[in-house]
Structures are given as structure tokens and as C-alpha cells.
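*Asks:* Below is the structure I would like to discuss, written out as C-alpha cells.
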Amino acid sequence: MLKKLLIIFFCSRFQSIAGASCLAASLLLTTACAQTSSPKTEAHPDLGPNVLLFDPSMPAAEIQAQIDKVYAIQQHSEFGTARYAFLFLPGEYHIDIPVGFYTQVLGLGATPDAVHITGNVHSDASLPRNNATCTFWRGVEGFSVTPADGTMQWAVSQAVPFRRMHIRGNIVLHQKGGWASGGWMSDSLIDGNVGAGPQQQWISRNSEWGSWTGANWNMVFVGIPNPPQGEWPQPPYTKVDKTPIVREKPFLEVDAKGNWSVRLSALQTDSQGITWHTERTHVGSTPGRSISMSQFYIAHADKDTAATMNAQLAKGKNLLLTPGIYDLTESIQITRPDTIVVGLGFATLRPTNGTAAITTADIDGIDIAGLLFDAGEKISPVLVEVGPQGSHASHAKNPIFLHDVFFRDGGAGAGSVKINLRVNSNDTIIDHTWIWRADHGRGVGWTSNLSDNGLVVNGNNVTAYGLFVEHHQQFQVLWNGNHGRTYFYQSEIPYDPPDQPSYTSAPASYKVADNVTSHEAWGLGIYSVFRHPNVTLTRAIEVPAAPGVRFHHMITVALDNLGEISNVIDDKGGPTHVAPGRVTPKVAEFPQ
């Protein structure tokens with residue numbers, strides 16, 4: 001009681017201090033009370049002041065107050081510095097959770113149904129007139145929701161993971177019919193209807209629902225047992241029956257004895273539907289293995305550096321990065337097979353000395369998940385490099401995974417890089433990424449936030465699910481390796497080329513190198529918003545003429561009346577434009 005009175009006194013006397021300060025102080029109280037009331041939290045790891053751990057024995061009003069304090073900070077903080085994660089121990093909760101920028105909500109049970117929230121969990125449009133096209137960087141994972149009015153609102157755009165969720169009702173992917181530019185759903189069950197509404201594009205992988213309604217430009221369904229009816233292009237549904245190879249993202253879990261671990265899901269091939277039941281009537285845990293928290297080094301942004309994290313990696317530890325911004329004077333180096341590096345609350349890595357943020361050896365089984373990479377003021381050659389250049393080992397039996405890795409050049413401040421993500425290792429799987437050269441925010445301009453490419457793939461047998469790459473100054477994607485596959489591609493080309501001579505290095509958004517003999521992609525949407533006249537992208541997609549290079553379901557859209565995309569793929573499709581009437585060329589198959 002004395003501790004509670006002291007904290008109340010502190011917050012009342014110092015309300016002029018940023019909300020995060022009082023929030024951190026009150027979290028100390030929350031943790032202390034939870035430890036007193038429930039033995040399940042006695043041994044929880046030190047995850048720092050911006051991870052809020054909730055126990056079902058805590059009063060709902062107390063939980064709600066903590067959530068509301070965070071949302072007051074994060075609701076409009078598109079380029080802010082605060083990062084948060086809400087963690088819910090198994091049990092029942094009656095609360096309302098608005099999910100703001102850089103906020104991650106996680107259930108800690110073995111299945112989503114172990115944590116049940118009755119009330120509301122919602123992402124709201126961040127711009128006026130219900131516009132969610134800038135509703136970025138937030139996520140929910142691993143719990144079930146019974147929406148108060150039967151429908152959960154999830155109005156989102158890029159970099160918003162929706163994983164291992166069970167919605168006991170309906171869900172809409174927009175706010176009252178306003179624009180949205182998402183999004184991602186995987187390993188999730190929706191009992192009712194998914195209402196896409198005006199969502200511009202969406203990928204759903206290994207999920208299940210009662211029904212799906214709505215479509216706009218590019219909707220991709222991979223490994224869905226009950227995909228919506230209709231065929232591309234009207235409605236624009238791209239359906240791939242089975243997911244060829246995937247491992248679900250690692251997740252935190254706490255067992256009945258209070259033991260914390262990270263669950264590494266089993267590798268799946270030719271899969272459909274969710275991992276956490278063996279049949280429709282039997283709910284179970286996701287197949288895989290649990291790795292004790294004792295095998296992880298828990299990093300904190302206020303004290304850890306690349307050197308301290310590298311020292312722990314060298315000792316054989318995995319890494320768990322708590323919420324915050326980590327300024328790096330050197331690269332984090334992953335050199336041991338099967339290393340897991342996972343971030344909470346959009347933990348952000350920012351090189352300050354012109355280096356990469358993460359580099360890896362050419363080794364099996366690496367899993368990098370849940371991180372945001374910010375380019376620094378001093379230009380880096382690359383932000384994340386998977387395997388050194390010249391890598392050649394096979395990782396087919398134990399692939400490398402990148403889950404929910406997001407990249408940003410400018411926006412939060414000046415930042416430049418040559419290549420954001422370079423994949424040199426074979427058998428790497430990218431499971432949701434947004435690689436964004438900022439078109440708004442701070443440090444933004446054609447000569448300010450420099451970035452040649454979003455993604456460069458040199459390895460063979462590389463697979464990408466949910467590939468969002470935007471606004472870079474040369475090719476958005478350059479694919480040099482053989483046997484590559486992409487399931488869903490969304491790309492806005494840069495808004496700001498001042499003239500054609502400045503943009504001659506980028507004849508296409510998605511480029512497959514001339515020497516490639518095998519490549520396949522499904523569901524691609526490329527959009528233009530040129531701000532200067534007389535700027536042309538010759539073609540949205542450029543590929544070599546080879547029997548093994550095949551593309552399915554492509555669309556180009558002009559979102560403004562300046563400039564032009566002249567063709568969809570190579571010399572096929574024709575131009576997209578707004579005036580005198582909107583034309584959105586589509587190519588069903590290439591080669592035809």
C-alpha cells in the first residue's frame with residue numbers, strides 16, 4: 001500500500017513529465033501487485049519498463065488505465081520514439097484495447113484461446129475521414145477476441161502483423177468504408193465474416209474463416225481451406241491452394257507453472273489452414289519445440305550495444321530485444337546455426353556509423369523476427385544482409401526465416417542506405433516485410449533519404465510471402481537468384497523523381513535479372529503517384545524471356561494524373577492513367 005501511495009504522489013506531483021515516465025513507475029506497481037496476487041508471474045524475465053505484463057487476477061480497471069496511458073502516447077505518434085508491448089498471461093479479460101503506433105499485443109498461451117479478451121481490440125484510422133492509409137507499425141498475436149458488438153475493427157495498412165488470432169465473430173479491415181492499404185493475416189481463425197471493404201490489397205496465408213467479402217485491386221490467398229468465391233480479375237482474387245514451405249513466427253509462451261519460453265514452430269510443407277488444431281473439433285498447440293528463456297539474452301535499448309549483443313551471441317545465446325531504439329555503431333553478427341533473434345514492441349535497430357544493422361553467416365536455421373530497421377544519417381551499404389556475398393550452401397532441410405522484418409529510410413529522421421535487405425543465402429524465406437523509403441515525414445526528398453533498392457536477392461530457392469516494397473530510387477526489387485517465388489507483391493514507385501534523367505536507372509519496379517531461368521510470382525500490384533510531370537516508368541515488371549519465368553495476376557494503377565507506367569510486364573498491358581478516364585491495366589498470365 002505504501003508503494004502505491006508513493007507512486008500516486010509521484011505522478012500527481014510530476015504530471016508535466018512525459019507520460020512514459022509515470023507509466024514506467026506505475027508498471028512497477030502493476031508488476032509488484034501481480035507478483036503478490038499470482039504466483040505465475042514470480043519468475044518472469046526482466047523485459048523493461050515498456051513491456052506491460054497483465055494477469056487475469058488484476059482488476060480490469062487497472063489494466064484499462066495502463067492501456068489507455070499508452071494509447072494517449074501512441075495514438076498519433078507515427079514517427080515517435082516510444083515502443084510498447086502488452087503481454088497477457090492466460091486467462092479471461094474484459095477490456096478495450098486500442099492499438100496505436102509501435103504497439104504490439106501478445107497472448108502468452110500455447111494457443112490463441114488460452115487468452116480470451118471480451119470487449120474490443122481495434123486499430124483505428126490515423127488520418128481524417130476514416131483514412132487508414134498511414135496506419136502502420138502495430139500488431140496483434142496469439143489471443144482470442146469476442147468483440148462487444150460482434151465485429152472487430154482492424155483498419156490498417158503496411159507493417160501490421162495479424163498472427164495466431166481467433167476472432168469469435170466478424171472482422172472488418174477498414175474504418176467505416178475509408179481507404180486502407182494493408183495488410184497481412186496468417187495462422188488465424190475468424191469464426192464469422194472477414195469484410196475487406198475498400199482495402200487496396202491484402203495477403204492471407206494459412207488462415208480460416210466463415211466467409212470473406214470485398215475486394216479492390218490485389219487480394220492474395222495462400223494455403224486457405226475456404227477461399228472466397230470468384231476468379232481474377234473480377235473479383236481480383238489470386239488463390240494458391242497450398243503454402244509450399246513455411247515456419248510460423250516464433251512466439252513467447254508461459255506454461256501453467258510460470259515457465260517462460262519461446263516456441264519455435266515446426267517446418268511445414270504443402271500446408272493449409274492454421275497450426276493450432278489438428279482437426280476442426282480438436283484445439284491443440286502449434287507443433288514445434290519450446291526453447292527456455294535461459295537460452296536467450298534479453299537486450300535493453302538503454303544499456304545494450306551491438307558489442308554486448310555480439311558477445312552474448314558468441315556465447316551461444318539467442319537474442320530477445322525489448323522495446324526501444326537501439327543505436328548501433330557496428331553490426332550485430334549472427335554466426336551460429338539455429339540462432340533466433342526476436343524483437344518485442346517493434347524494437348528498432350538504427351546504424352549510426354554507416355554499417356549494416358545485422359549480418360549473418362551462410363548457416364542453417366536462422367530466424368529473425370519482429371524488428372524494425374531504420375537507416376541512419378550516414379549511408380549504409382546494406383541494413384540486413386543474409387549470408388555473405390558468394391554464399392552457396394544449401395539450407396533446404398533447415399531454411400533461414402525472416403518474419404515481420406520492416407525497413408524505413410527517412411520519415412522519423414534523415415536516413416540513407418544503398419540496399420535495405422540483401423539475401424545471398426539459398427533457401428531463405430521472407431514471411432512478411434515492408435521495405436519503405438519514406439514519402440512523408442522528416443528527412444524526406446529525392447536527394448535527402450537515398451535508397452537504391454528495397455530488396456536484392458542473390459540466393460537460389462528464395463521465397464517471399466507478403467512482399468511490400470516502396471519508393472526506392474532504382475529497382476524496388478532486383479532478383480538475381482534462380483527458383484525464386486513471390487506470393488503477393490505491393491509496390492508504390494517513388495513519388496519524387498524530379499525529372500526523367502533522374503529516374504533512368506529504374507525502368508521497372510520488380511526486376512528479374514536477365515540470366516535467371518526459373519522464377520514465379522502470384523498477385524502483383526504496382527502503383528504510381530508521380531509528383532512531377534513527364535516522368536515515366538517503362539514497365540512495372542521486367543523479366544527475361546525464359547520458359548521457367550512465369551507471372552500470374554498483375555495490375556498497375558495510377559493514383560495521380562502525372563507521369564505514366566507504360567506497361568505492366570515487359571511490353572504487355574499498356575499504360576495506366578487517370579485522365580481522361582481511369583485505366584488500370586491487368587495481365588492475367590505471362591507469358592500468355
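Ordering of the C-alpha cells sets the chain letters (A, B, ...); residue numbers start at 1 within each chain; ligands are numbered from 1 in the order shown.
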Would you pick out the contacts of Trp184 (chain A) at 8 Å or less, using only C-alpha atoms, so that residues sharing its chain but fewer than 3 positions from it are not included, and give the list as a list in words?
*Replies:*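 That gives Val160, Pro161, Phe162, Trp202, Ile203, Ser204, His432 and Gly466 of chain A.
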*Asks:* Write to file, as a short mmCIF file (atom, residue, chain, number, x, y, z; two decimals), in the first residue's frame, the residues of the selection just made, with all heavy atoms.
*Replies:*
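Contents of the output file part-v3.cif:
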```cif
data_model
loop_
_atom_site.label_atom_id
_atom_site.label_comp_id
_atom_site.auth_asym_id
_atom_site.auth_seq_id
_atom_site.Cartn_x
_atom_site.Cartn_y
_atom_site.Cartn_z
N VAL A 160 1.74 -4.30 -40.35
CA VAL A 160 0.81 -4.57 -39.25
C VAL A 160 0.55 -6.09 -39.20
O VAL A 160 -0.39 -6.59 -39.82
CB VAL A 160 -0.50 -3.80 -39.42
CG1 VAL A 160 -1.43 -4.07 -38.23
CG2 VAL A 160 -0.23 -2.30 -39.54
N PRO A 161 1.38 -6.83 -38.46
CA PRO A 161 1.18 -8.28 -38.38
C PRO A 161 -0.10 -8.64 -37.62
O PRO A 161 -0.38 -8.08 -36.56
CB PRO A 161 2.42 -8.77 -37.61
CG PRO A 161 3.39 -7.63 -37.67
CD PRO A 161 2.59 -6.39 -37.75
N PHE A 162 -0.85 -9.58 -38.17
CA PHE A 162 -2.03 -10.16 -37.54
C PHE A 162 -1.82 -11.66 -37.60
O PHE A 162 -2.01 -12.28 -38.64
CB PHE A 162 -3.28 -9.72 -38.30
CG PHE A 162 -4.59 -10.12 -37.69
CD1 PHE A 162 -5.30 -9.23 -36.91
CD2 PHE A 162 -5.14 -11.38 -37.92
CE1 PHE A 162 -6.53 -9.57 -36.37
CE2 PHE A 162 -6.35 -11.74 -37.38
CZ PHE A 162 -7.06 -10.83 -36.60
N TRP A 202 -4.29 -7.12 -50.02
CA TRP A 202 -4.20 -7.92 -48.80
C TRP A 202 -3.64 -9.29 -49.14
O TRP A 202 -3.91 -9.83 -50.21
CB TRP A 202 -5.58 -8.07 -48.16
CG TRP A 202 -5.54 -8.60 -46.76
CD1 TRP A 202 -5.50 -9.91 -46.37
CD2 TRP A 202 -5.50 -7.82 -45.57
NE1 TRP A 202 -5.45 -10.00 -45.00
CE2 TRP A 202 -5.44 -8.73 -44.47
CE3 TRP A 202 -5.51 -6.47 -45.30
CZ2 TRP A 202 -5.40 -8.32 -43.15
CZ3 TRP A 202 -5.47 -6.04 -43.98
CH2 TRP A 202 -5.41 -6.97 -42.93
N ILE A 203 -2.86 -9.85 -48.20
CA ILE A 203 -2.47 -11.25 -48.30
C ILE A 203 -2.92 -11.98 -47.05
O ILE A 203 -2.69 -11.52 -45.92
CB ILE A 203 -0.95 -11.44 -48.53
CG1 ILE A 203 -0.60 -12.94 -48.48
CG2 ILE A 203 -0.11 -10.61 -47.56
CD1 ILE A 203 0.82 -13.28 -48.90
N SER A 204 -3.56 -13.10 -47.24
CA SER A 204 -3.93 -14.02 -46.16
C SER A 204 -3.22 -15.33 -46.42
O SER A 204 -3.34 -15.91 -47.51
CB SER A 204 -5.44 -14.24 -46.11
OG SER A 204 -6.13 -13.02 -45.90
N HIS A 432 6.62 -11.83 -44.66
CA HIS A 432 6.04 -10.52 -44.39
C HIS A 432 7.11 -9.47 -44.14
O HIS A 432 7.83 -9.51 -43.14
CB HIS A 432 5.07 -10.56 -43.20
CG HIS A 432 4.29 -9.27 -43.04
ND1 HIS A 432 3.81 -8.86 -41.82
CD2 HIS A 432 3.93 -8.31 -43.94
CE1 HIS A 432 3.16 -7.72 -41.96
NE2 HIS A 432 3.23 -7.36 -43.25
N GLY A 466 4.09 -11.98 -48.90
CA GLY A 466 3.79 -10.65 -48.39
C GLY A 466 4.95 -9.69 -48.56
O GLY A 466 5.55 -9.24 -47.58
#
```
*Asks:* Find the residues near Val477 (chain A): any atom within 8 Å, counting only C-alpha atoms, skip ones fewer than 6 places away on the same chain, and give them as a PyMOL selection string.
*Replies:* chain A and resi 453-456+469+509-511
*Asks:* Print the selection's residues with N, CA, C and O atoms to a file, as a compact mmCIF listing (two decimals), in the first residue's frame.
*Replies:*
```
# COMPACT_ATOMS: atom_id res chain seq x y z
N ASN A 453 17.78 0.32 -53.65
CA ASN A 453 16.90 -0.84 -53.77
C ASN A 453 16.30 -1.21 -52.42
O ASN A 453 16.94 -1.05 -51.39
N GLY A 454 15.08 -1.73 -52.47
CA GLY A 454 14.50 -2.29 -51.27
C GLY A 454 15.03 -3.68 -50.98
O GLY A 454 15.57 -3.94 -49.92
N LEU A 455 14.91 -4.58 -51.96
CA LEU A 455 15.32 -5.98 -51.80
C LEU A 455 16.17 -6.40 -52.99
O LEU A 455 15.79 -6.19 -54.15
N VAL A 456 17.31 -7.02 -52.70
CA VAL A 456 18.14 -7.66 -53.71
C VAL A 456 18.32 -9.11 -53.30
O VAL A 456 18.77 -9.40 -52.18
N VAL A 469 7.20 -3.30 -51.02
CA VAL A 469 8.45 -2.57 -51.25
C VAL A 469 8.12 -1.28 -51.99
O VAL A 469 7.54 -1.33 -53.09
N SER A 509 9.74 -1.73 -61.53
CA SER A 509 9.66 -1.89 -60.08
C SER A 509 10.24 -3.24 -59.67
O SER A 509 11.11 -3.31 -58.81
N TYR A 510 9.77 -4.31 -60.30
CA TYR A 510 10.18 -5.68 -59.97
C TYR A 510 11.00 -6.20 -61.14
O TYR A 510 10.49 -6.39 -62.25
N LYS A 511 12.29 -6.40 -60.93
CA LYS A 511 13.21 -6.80 -61.98
C LYS A 511 13.76 -8.20 -61.71
O LYS A 511 14.36 -8.45 -60.65
```
*Asks:* Could you produce a table of the residues of region 396-428 of chain A lying within 12 Å of region 247-257 of chain A, with the nearest pair of atoms per residue and their separation in Å rounded to one decimal, using only C-alpha atoms, ordered by chain and increasing residue number, as a Markdown table?
*Replies:*
```
| residue | atom | partner | partner_atom | distance |
| --- | --- | --- | --- | --- |
| A:Asn398 | CA | A:Arg247 | CA | 10.2 |
| A:Pro399 | CA | A:Arg247 | CA | 9.1 |
| A:Ile400 | CA | A:Arg247 | CA | 9.7 |
| A:Phe401 | CA | A:Arg247 | CA | 7.7 |
| A:Leu402 | CA | A:Lys249 | CA | 8.6 |
| A:His403 | CA | A:Lys249 | CA | 6.0 |
| A:Asp404 | CA | A:Lys249 | CA | 8.3 |
| A:Val405 | CA | A:Lys249 | CA | 11.1 |
| A:Thr428 | CA | A:Arg247 | CA | 11.4 |
```
*Asks:* Kindly save the residues from that selection, with N, CA, C and O atoms included, as a PDB file, in the first residue's frame.
*Replies:*
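As a result, part27.pdb now contains:
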```
ATOM      1  N   ASN A 398      16.740 -27.043 -43.520  1.00  0.00           N
ATOM      2  CA  ASN A 398      16.595 -26.173 -42.357  1.00  0.00           C
ATOM      3  C   ASN A 398      16.729 -24.720 -42.818  1.00  0.00           C
ATOM      4  O   ASN A 398      17.748 -24.081 -42.631  1.00  0.00           O
ATOM      5  N   PRO A 399      15.658 -24.188 -43.436  1.00  0.00           N
ATOM      6  CA  PRO A 399      15.761 -22.884 -44.087  1.00  0.00           C
ATOM      7  C   PRO A 399      15.995 -21.730 -43.095  1.00  0.00           C
ATOM      8  O   PRO A 399      15.812 -21.851 -41.884  1.00  0.00           O
ATOM      9  N   ILE A 400      16.360 -20.609 -43.660  1.00  0.00           N
ATOM     10  CA  ILE A 400      16.512 -19.353 -42.936  1.00  0.00           C
ATOM     11  C   ILE A 400      15.192 -18.597 -43.056  1.00  0.00           C
ATOM     12  O   ILE A 400      14.595 -18.537 -44.133  1.00  0.00           O
ATOM     13  N   PHE A 401      14.740 -17.981 -41.939  1.00  0.00           N
ATOM     14  CA  PHE A 401      13.456 -17.278 -41.947  1.00  0.00           C
ATOM     15  C   PHE A 401      13.612 -15.832 -41.491  1.00  0.00           C
ATOM     16  O   PHE A 401      14.364 -15.542 -40.548  1.00  0.00           O
ATOM     17  N   LEU A 402      12.870 -14.971 -42.165  1.00  0.00           N
ATOM     18  CA  LEU A 402      12.701 -13.582 -41.754  1.00  0.00           C
ATOM     19  C   LEU A 402      11.201 -13.343 -41.602  1.00  0.00           C
ATOM     20  O   LEU A 402      10.461 -13.386 -42.589  1.00  0.00           O
ATOM     21  N   HIS A 403      10.739 -13.121 -40.373  1.00  0.00           N
ATOM     22  CA  HIS A 403       9.323 -12.882 -40.108  1.00  0.00           C
ATOM     23  C   HIS A 403       9.120 -11.433 -39.664  1.00  0.00           C
ATOM     24  O   HIS A 403       9.804 -10.968 -38.732  1.00  0.00           O
ATOM     25  N   ASP A 404       8.187 -10.730 -40.271  1.00  0.00           N
ATOM     26  CA  ASP A 404       7.826  -9.375 -39.827  1.00  0.00           C
ATOM     27  C   ASP A 404       9.071  -8.513 -39.639  1.00  0.00           C
ATOM     28  O   ASP A 404       9.315  -7.944 -38.565  1.00  0.00           O
ATOM     29  N   VAL A 405       9.866  -8.398 -40.676  1.00  0.00           N
ATOM     30  CA  VAL A 405      11.020  -7.501 -40.646  1.00  0.00           C
ATOM     31  C   VAL A 405      10.677  -6.294 -41.512  1.00  0.00           C
ATOM     32  O   VAL A 405      10.289  -6.434 -42.670  1.00  0.00           O
ATOM     33  N   THR A 428      16.209 -19.096 -48.288  1.00  0.00           N
ATOM     34  CA  THR A 428      15.741 -18.106 -47.316  1.00  0.00           C
ATOM     35  C   THR A 428      14.272 -17.827 -47.586  1.00  0.00           C
ATOM     36  O   THR A 428      13.848 -17.727 -48.740  1.00  0.00           O
TER      37      THR A 428
END
```
*Asks:* Might you pull out every residue within 6 Å of region 292-306 of chain A, with only C-alpha atoms counted and same-chain residues fewer than 2 positions away left off, and present them as a PDB file with N, CA and C atoms, in the first residue's frame?
*Replies:*
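The file below, out-v9.pdb, is the result:
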```pdb
ATOM      1  N   TRP A 260       8.714 -19.488 -18.676  1.00  0.00           N
ATOM      2  CA  TRP A 260       8.721 -18.719 -19.911  1.00  0.00           C
ATOM      3  C   TRP A 260       9.584 -19.417 -20.955  1.00  0.00           C
ATOM      4  N   SER A 261       9.125 -19.353 -22.206  1.00  0.00           N
ATOM      5  CA  SER A 261       9.907 -19.935 -23.292  1.00  0.00           C
ATOM      6  C   SER A 261       9.532 -19.244 -24.594  1.00  0.00           C
ATOM      7  N   THR A 308      27.735  -5.661 -26.932  1.00  0.00           N
ATOM      8  CA  THR A 308      27.232  -6.519 -25.845  1.00  0.00           C
ATOM      9  C   THR A 308      26.377  -7.642 -26.398  1.00  0.00           C
ATOM     10  N   MET A 309      25.600  -7.360 -27.431  1.00  0.00           N
ATOM     11  CA  MET A 309      24.770  -8.410 -28.009  1.00  0.00           C
ATOM     12  C   MET A 309      25.624  -9.428 -28.765  1.00  0.00           C
ATOM     13  N   ASN A 310      26.654  -8.968 -29.467  1.00  0.00           N
ATOM     14  CA  ASN A 310      27.551  -9.900 -30.154  1.00  0.00           C
ATOM     15  C   ASN A 310      28.284 -10.805 -29.171  1.00  0.00           C
ATOM     16  N   LYS A 317      24.070 -17.700 -27.056  1.00  0.00           N
ATOM     17  CA  LYS A 317      22.740 -17.234 -26.691  1.00  0.00           C
ATOM     18  C   LYS A 317      21.955 -16.824 -27.934  1.00  0.00           C
ATOM     19  N   ASN A 318      20.622 -16.919 -27.840  1.00  0.00           N
ATOM     20  CA  ASN A 318      19.721 -16.249 -28.755  1.00  0.00           C
ATOM     21  C   ASN A 318      19.475 -14.839 -28.234  1.00  0.00           C
ATOM     22  N   LEU A 319      18.803 -14.003 -29.017  1.00  0.00           N
ATOM     23  CA  LEU A 319      18.531 -12.631 -28.597  1.00  0.00           C
ATOM     24  C   LEU A 319      17.037 -12.353 -28.552  1.00  0.00           C
ATOM     25  N   LEU A 320      16.596 -11.711 -27.475  1.00  0.00           N
ATOM     26  CA  LEU A 320      15.263 -11.127 -27.408  1.00  0.00           C
ATOM     27  C   LEU A 320      15.449  -9.642 -27.117  1.00  0.00           C
ATOM     28  N   LEU A 321      15.016  -8.787 -28.038  1.00  0.00           N
ATOM     29  CA  LEU A 321      15.192  -7.349 -27.891  1.00  0.00           C
ATOM     30  C   LEU A 321      13.906  -6.731 -27.374  1.00  0.00           C
ATOM     31  N   THR A 322      13.981  -6.099 -26.214  1.00  0.00           N
ATOM     32  CA  THR A 322      12.818  -5.440 -25.627  1.00  0.00           C
ATOM     33  C   THR A 322      12.549  -4.127 -26.356  1.00  0.00           C
ATOM     34  N   GLY A 324      12.300  -0.499 -27.809  1.00  0.00           N
ATOM     35  CA  GLY A 324      13.177   0.656 -27.747  1.00  0.00           C
ATOM     36  C   GLY A 324      13.893   0.849 -29.065  1.00  0.00           C
ATOM     37  N   ILE A 325      14.730   1.878 -29.130  1.00  0.00           N
ATOM     38  CA  ILE A 325      15.534   2.173 -30.312  1.00  0.00           C
ATOM     39  C   ILE A 325      16.993   1.914 -29.968  1.00  0.00           C
ATOM     40  N   TYR A 326      17.619   1.016 -30.705  1.00  0.00           N
ATOM     41  CA  TYR A 326      18.985   0.588 -30.463  1.00  0.00           C
ATOM     42  C   TYR A 326      19.893   1.255 -31.503  1.00  0.00           C
ATOM     43  N   LEU A 328      23.321   1.569 -33.221  1.00  0.00           N
ATOM     44  CA  LEU A 328      24.390   0.591 -33.402  1.00  0.00           C
ATOM     45  C   LEU A 328      25.579   1.241 -34.099  1.00  0.00           C
ATOM     46  N   ILE A 332      25.319  -6.206 -35.710  1.00  0.00           N
ATOM     47  CA  ILE A 332      25.053  -7.429 -34.970  1.00  0.00           C
ATOM     48  C   ILE A 332      25.365  -8.588 -35.915  1.00  0.00           C
TER      49      ILE A 332
END
```
*Asks:* Can you list, as a ChimeraX atom specification, every protein, DNA or RNA residue that comes within 12 Å of Arg163 (chain A) when you count only C-alpha atoms, leaving out same-chain residues fewer than 5 positions away?
*Replies:* /A:104-107,111-112,138-144,183-190,204-208,248-251,274-276,370,403-404,431-432
*Asks:* For Gly481 (chain A), work out the shell of residues within 7 Å, counting only C-alpha atoms and skipping chain neighbours fewer than 6 positions away, then give it as JSON, numbers by chain.
*Replies:* {"A": [457, 458, 459, 460, 516]}
*Asks:* Keeping only N, CA, C and O atoms, write the selected residues as a tab-separated table (two decimals), in the first residue's frame.
*Replies:*
```tsv
chain	number	residue	atom	x	y	z
A	457	VAL	N	17.95	-10.04	-54.17
A	457	VAL	CA	18.06	-11.47	-53.90
A	457	VAL	C	19.12	-12.06	-54.81
A	457	VAL	O	18.98	-12.06	-56.03
A	458	ASN	N	20.18	-12.57	-54.20
A	458	ASN	CA	21.23	-13.27	-54.95
A	458	ASN	C	21.19	-14.78	-54.75
A	458	ASN	O	21.77	-15.53	-55.53
A	459	GLY	N	20.53	-15.23	-53.67
A	459	GLY	CA	20.45	-16.66	-53.39
A	459	GLY	C	19.44	-17.36	-54.27
A	459	GLY	O	18.52	-16.75	-54.83
A	460	ASN	N	19.58	-18.68	-54.35
A	460	ASN	CA	18.63	-19.52	-55.07
A	460	ASN	C	17.56	-20.05	-54.10
A	460	ASN	O	17.78	-20.14	-52.90
A	516	VAL	N	18.43	-15.17	-65.20
A	516	VAL	CA	17.57	-16.08	-64.43
A	516	VAL	C	16.76	-16.95	-65.38
A	516	VAL	O	16.17	-16.46	-66.35
```
*Asks:* If we count only C-alpha atoms, what is near region 578-581 of chain A at a cut-off of 10 Å, once residues fewer than 4 positions away on the same chain are taken out, given as a JSON list (two decimals) with C-alpha atoms, in the first residue's frame?
*Replies:*
```json
[["chain", "number", "residue", "atom", "x", "y", "z"],
["A", 557, "VAL", "CA", -2.84, 1.70, -61.03],
["A", 558, "ALA", "CA", -2.18, 5.43, -61.43],
["A", 559, "LEU", "CA", -3.15, 7.23, -58.22],
["A", 560, "ASP", "CA", -2.46, 10.68, -59.66],
["A", 561, "ASN", "CA", -2.61, 12.27, -63.10],
["A", 562, "LEU", "CA", 1.12, 12.91, -63.61],
["A", 564, "GLU", "CA", 2.99, 7.11, -66.52]]
```
*Asks:* Pick out the residues sitting within 7 Å of Gly573 (chain A), and hand them over as a PDB file with N, CA, C and O atoms, in the first residue's frame; count only C-alpha atoms, and ignore anything fewer than 2 positions along from it in its own chain.
*Replies:*
```pdb
ATOM      1  N   ASN A 567       3.795   0.005 -69.275  1.00  0.00           N
ATOM      2  CA  ASN A 567       3.339  -1.374 -69.456  1.00  0.00           C
ATOM      3  C   ASN A 567       3.355  -2.098 -68.119  1.00  0.00           C
ATOM      4  O   ASN A 567       4.060  -1.699 -67.177  1.00  0.00           O
ATOM      5  N   VAL A 568       2.594  -3.176 -68.052  1.00  0.00           N
ATOM      6  CA  VAL A 568       2.520  -3.969 -66.822  1.00  0.00           C
ATOM      7  C   VAL A 568       3.757  -4.851 -66.690  1.00  0.00           C
ATOM      8  O   VAL A 568       4.465  -4.814 -65.686  1.00  0.00           O
ATOM      9  N   ILE A 569       4.029  -5.668 -67.713  1.00  0.00           N
ATOM     10  CA  ILE A 569       5.169  -6.583 -67.675  1.00  0.00           C
ATOM     11  C   ILE A 569       5.803  -6.626 -69.056  1.00  0.00           C
ATOM     12  O   ILE A 569       5.125  -6.890 -70.056  1.00  0.00           O
ATOM     13  N   ASP A 571       6.586  -5.731 -72.468  1.00  0.00           N
ATOM     14  CA  ASP A 571       5.849  -4.845 -73.374  1.00  0.00           C
ATOM     15  C   ASP A 571       4.354  -5.168 -73.402  1.00  0.00           C
ATOM     16  O   ASP A 571       3.645  -4.822 -74.354  1.00  0.00           O
ATOM     17  N   PRO A 575      -0.484   1.363 -70.906  1.00  0.00           N
ATOM     18  CA  PRO A 575      -0.293   2.341 -69.839  1.00  0.00           C
ATOM     19  C   PRO A 575      -1.469   2.440 -68.878  1.00  0.00           C
ATOM     20  O   PRO A 575      -2.615   2.165 -69.244  1.00  0.00           O
ATOM     21  N   PRO A 585      -4.595  -1.272 -66.204  1.00  0.00           N
ATOM     22  CA  PRO A 585      -4.293  -2.474 -66.993  1.00  0.00           C
ATOM     23  C   PRO A 585      -4.053  -3.700 -66.124  1.00  0.00           C
ATOM     24  O   PRO A 585      -3.482  -3.596 -65.027  1.00  0.00           O
ATOM     25  N   LYS A 586      -4.459  -4.822 -66.620  1.00  0.00           N
ATOM     26  CA  LYS A 586      -4.286  -6.102 -65.935  1.00  0.00           C
ATOM     27  C   LYS A 586      -3.731  -7.121 -66.933  1.00  0.00           C
ATOM     28  O   LYS A 586      -4.143  -7.148 -68.086  1.00  0.00           O
ATOM     29  N   VAL A 587      -2.828  -7.928 -66.457  1.00  0.00           N
ATOM     30  CA  VAL A 587      -2.315  -9.045 -67.248  1.00  0.00           C
ATOM     31  C   VAL A 587      -2.518 -10.311 -66.427  1.00  0.00           C
ATOM     32  O   VAL A 587      -2.032 -10.404 -65.291  1.00  0.00           O
TER      33      VAL A 587
END
```
*Asks:* Pull the alpha helix (DSSP H) assignments for region 16-249 of chain A out of DSSP run on the backbone, and list those residues as a PyMOL selection string.
*Replies:* chain A and resi 19-37+60-74
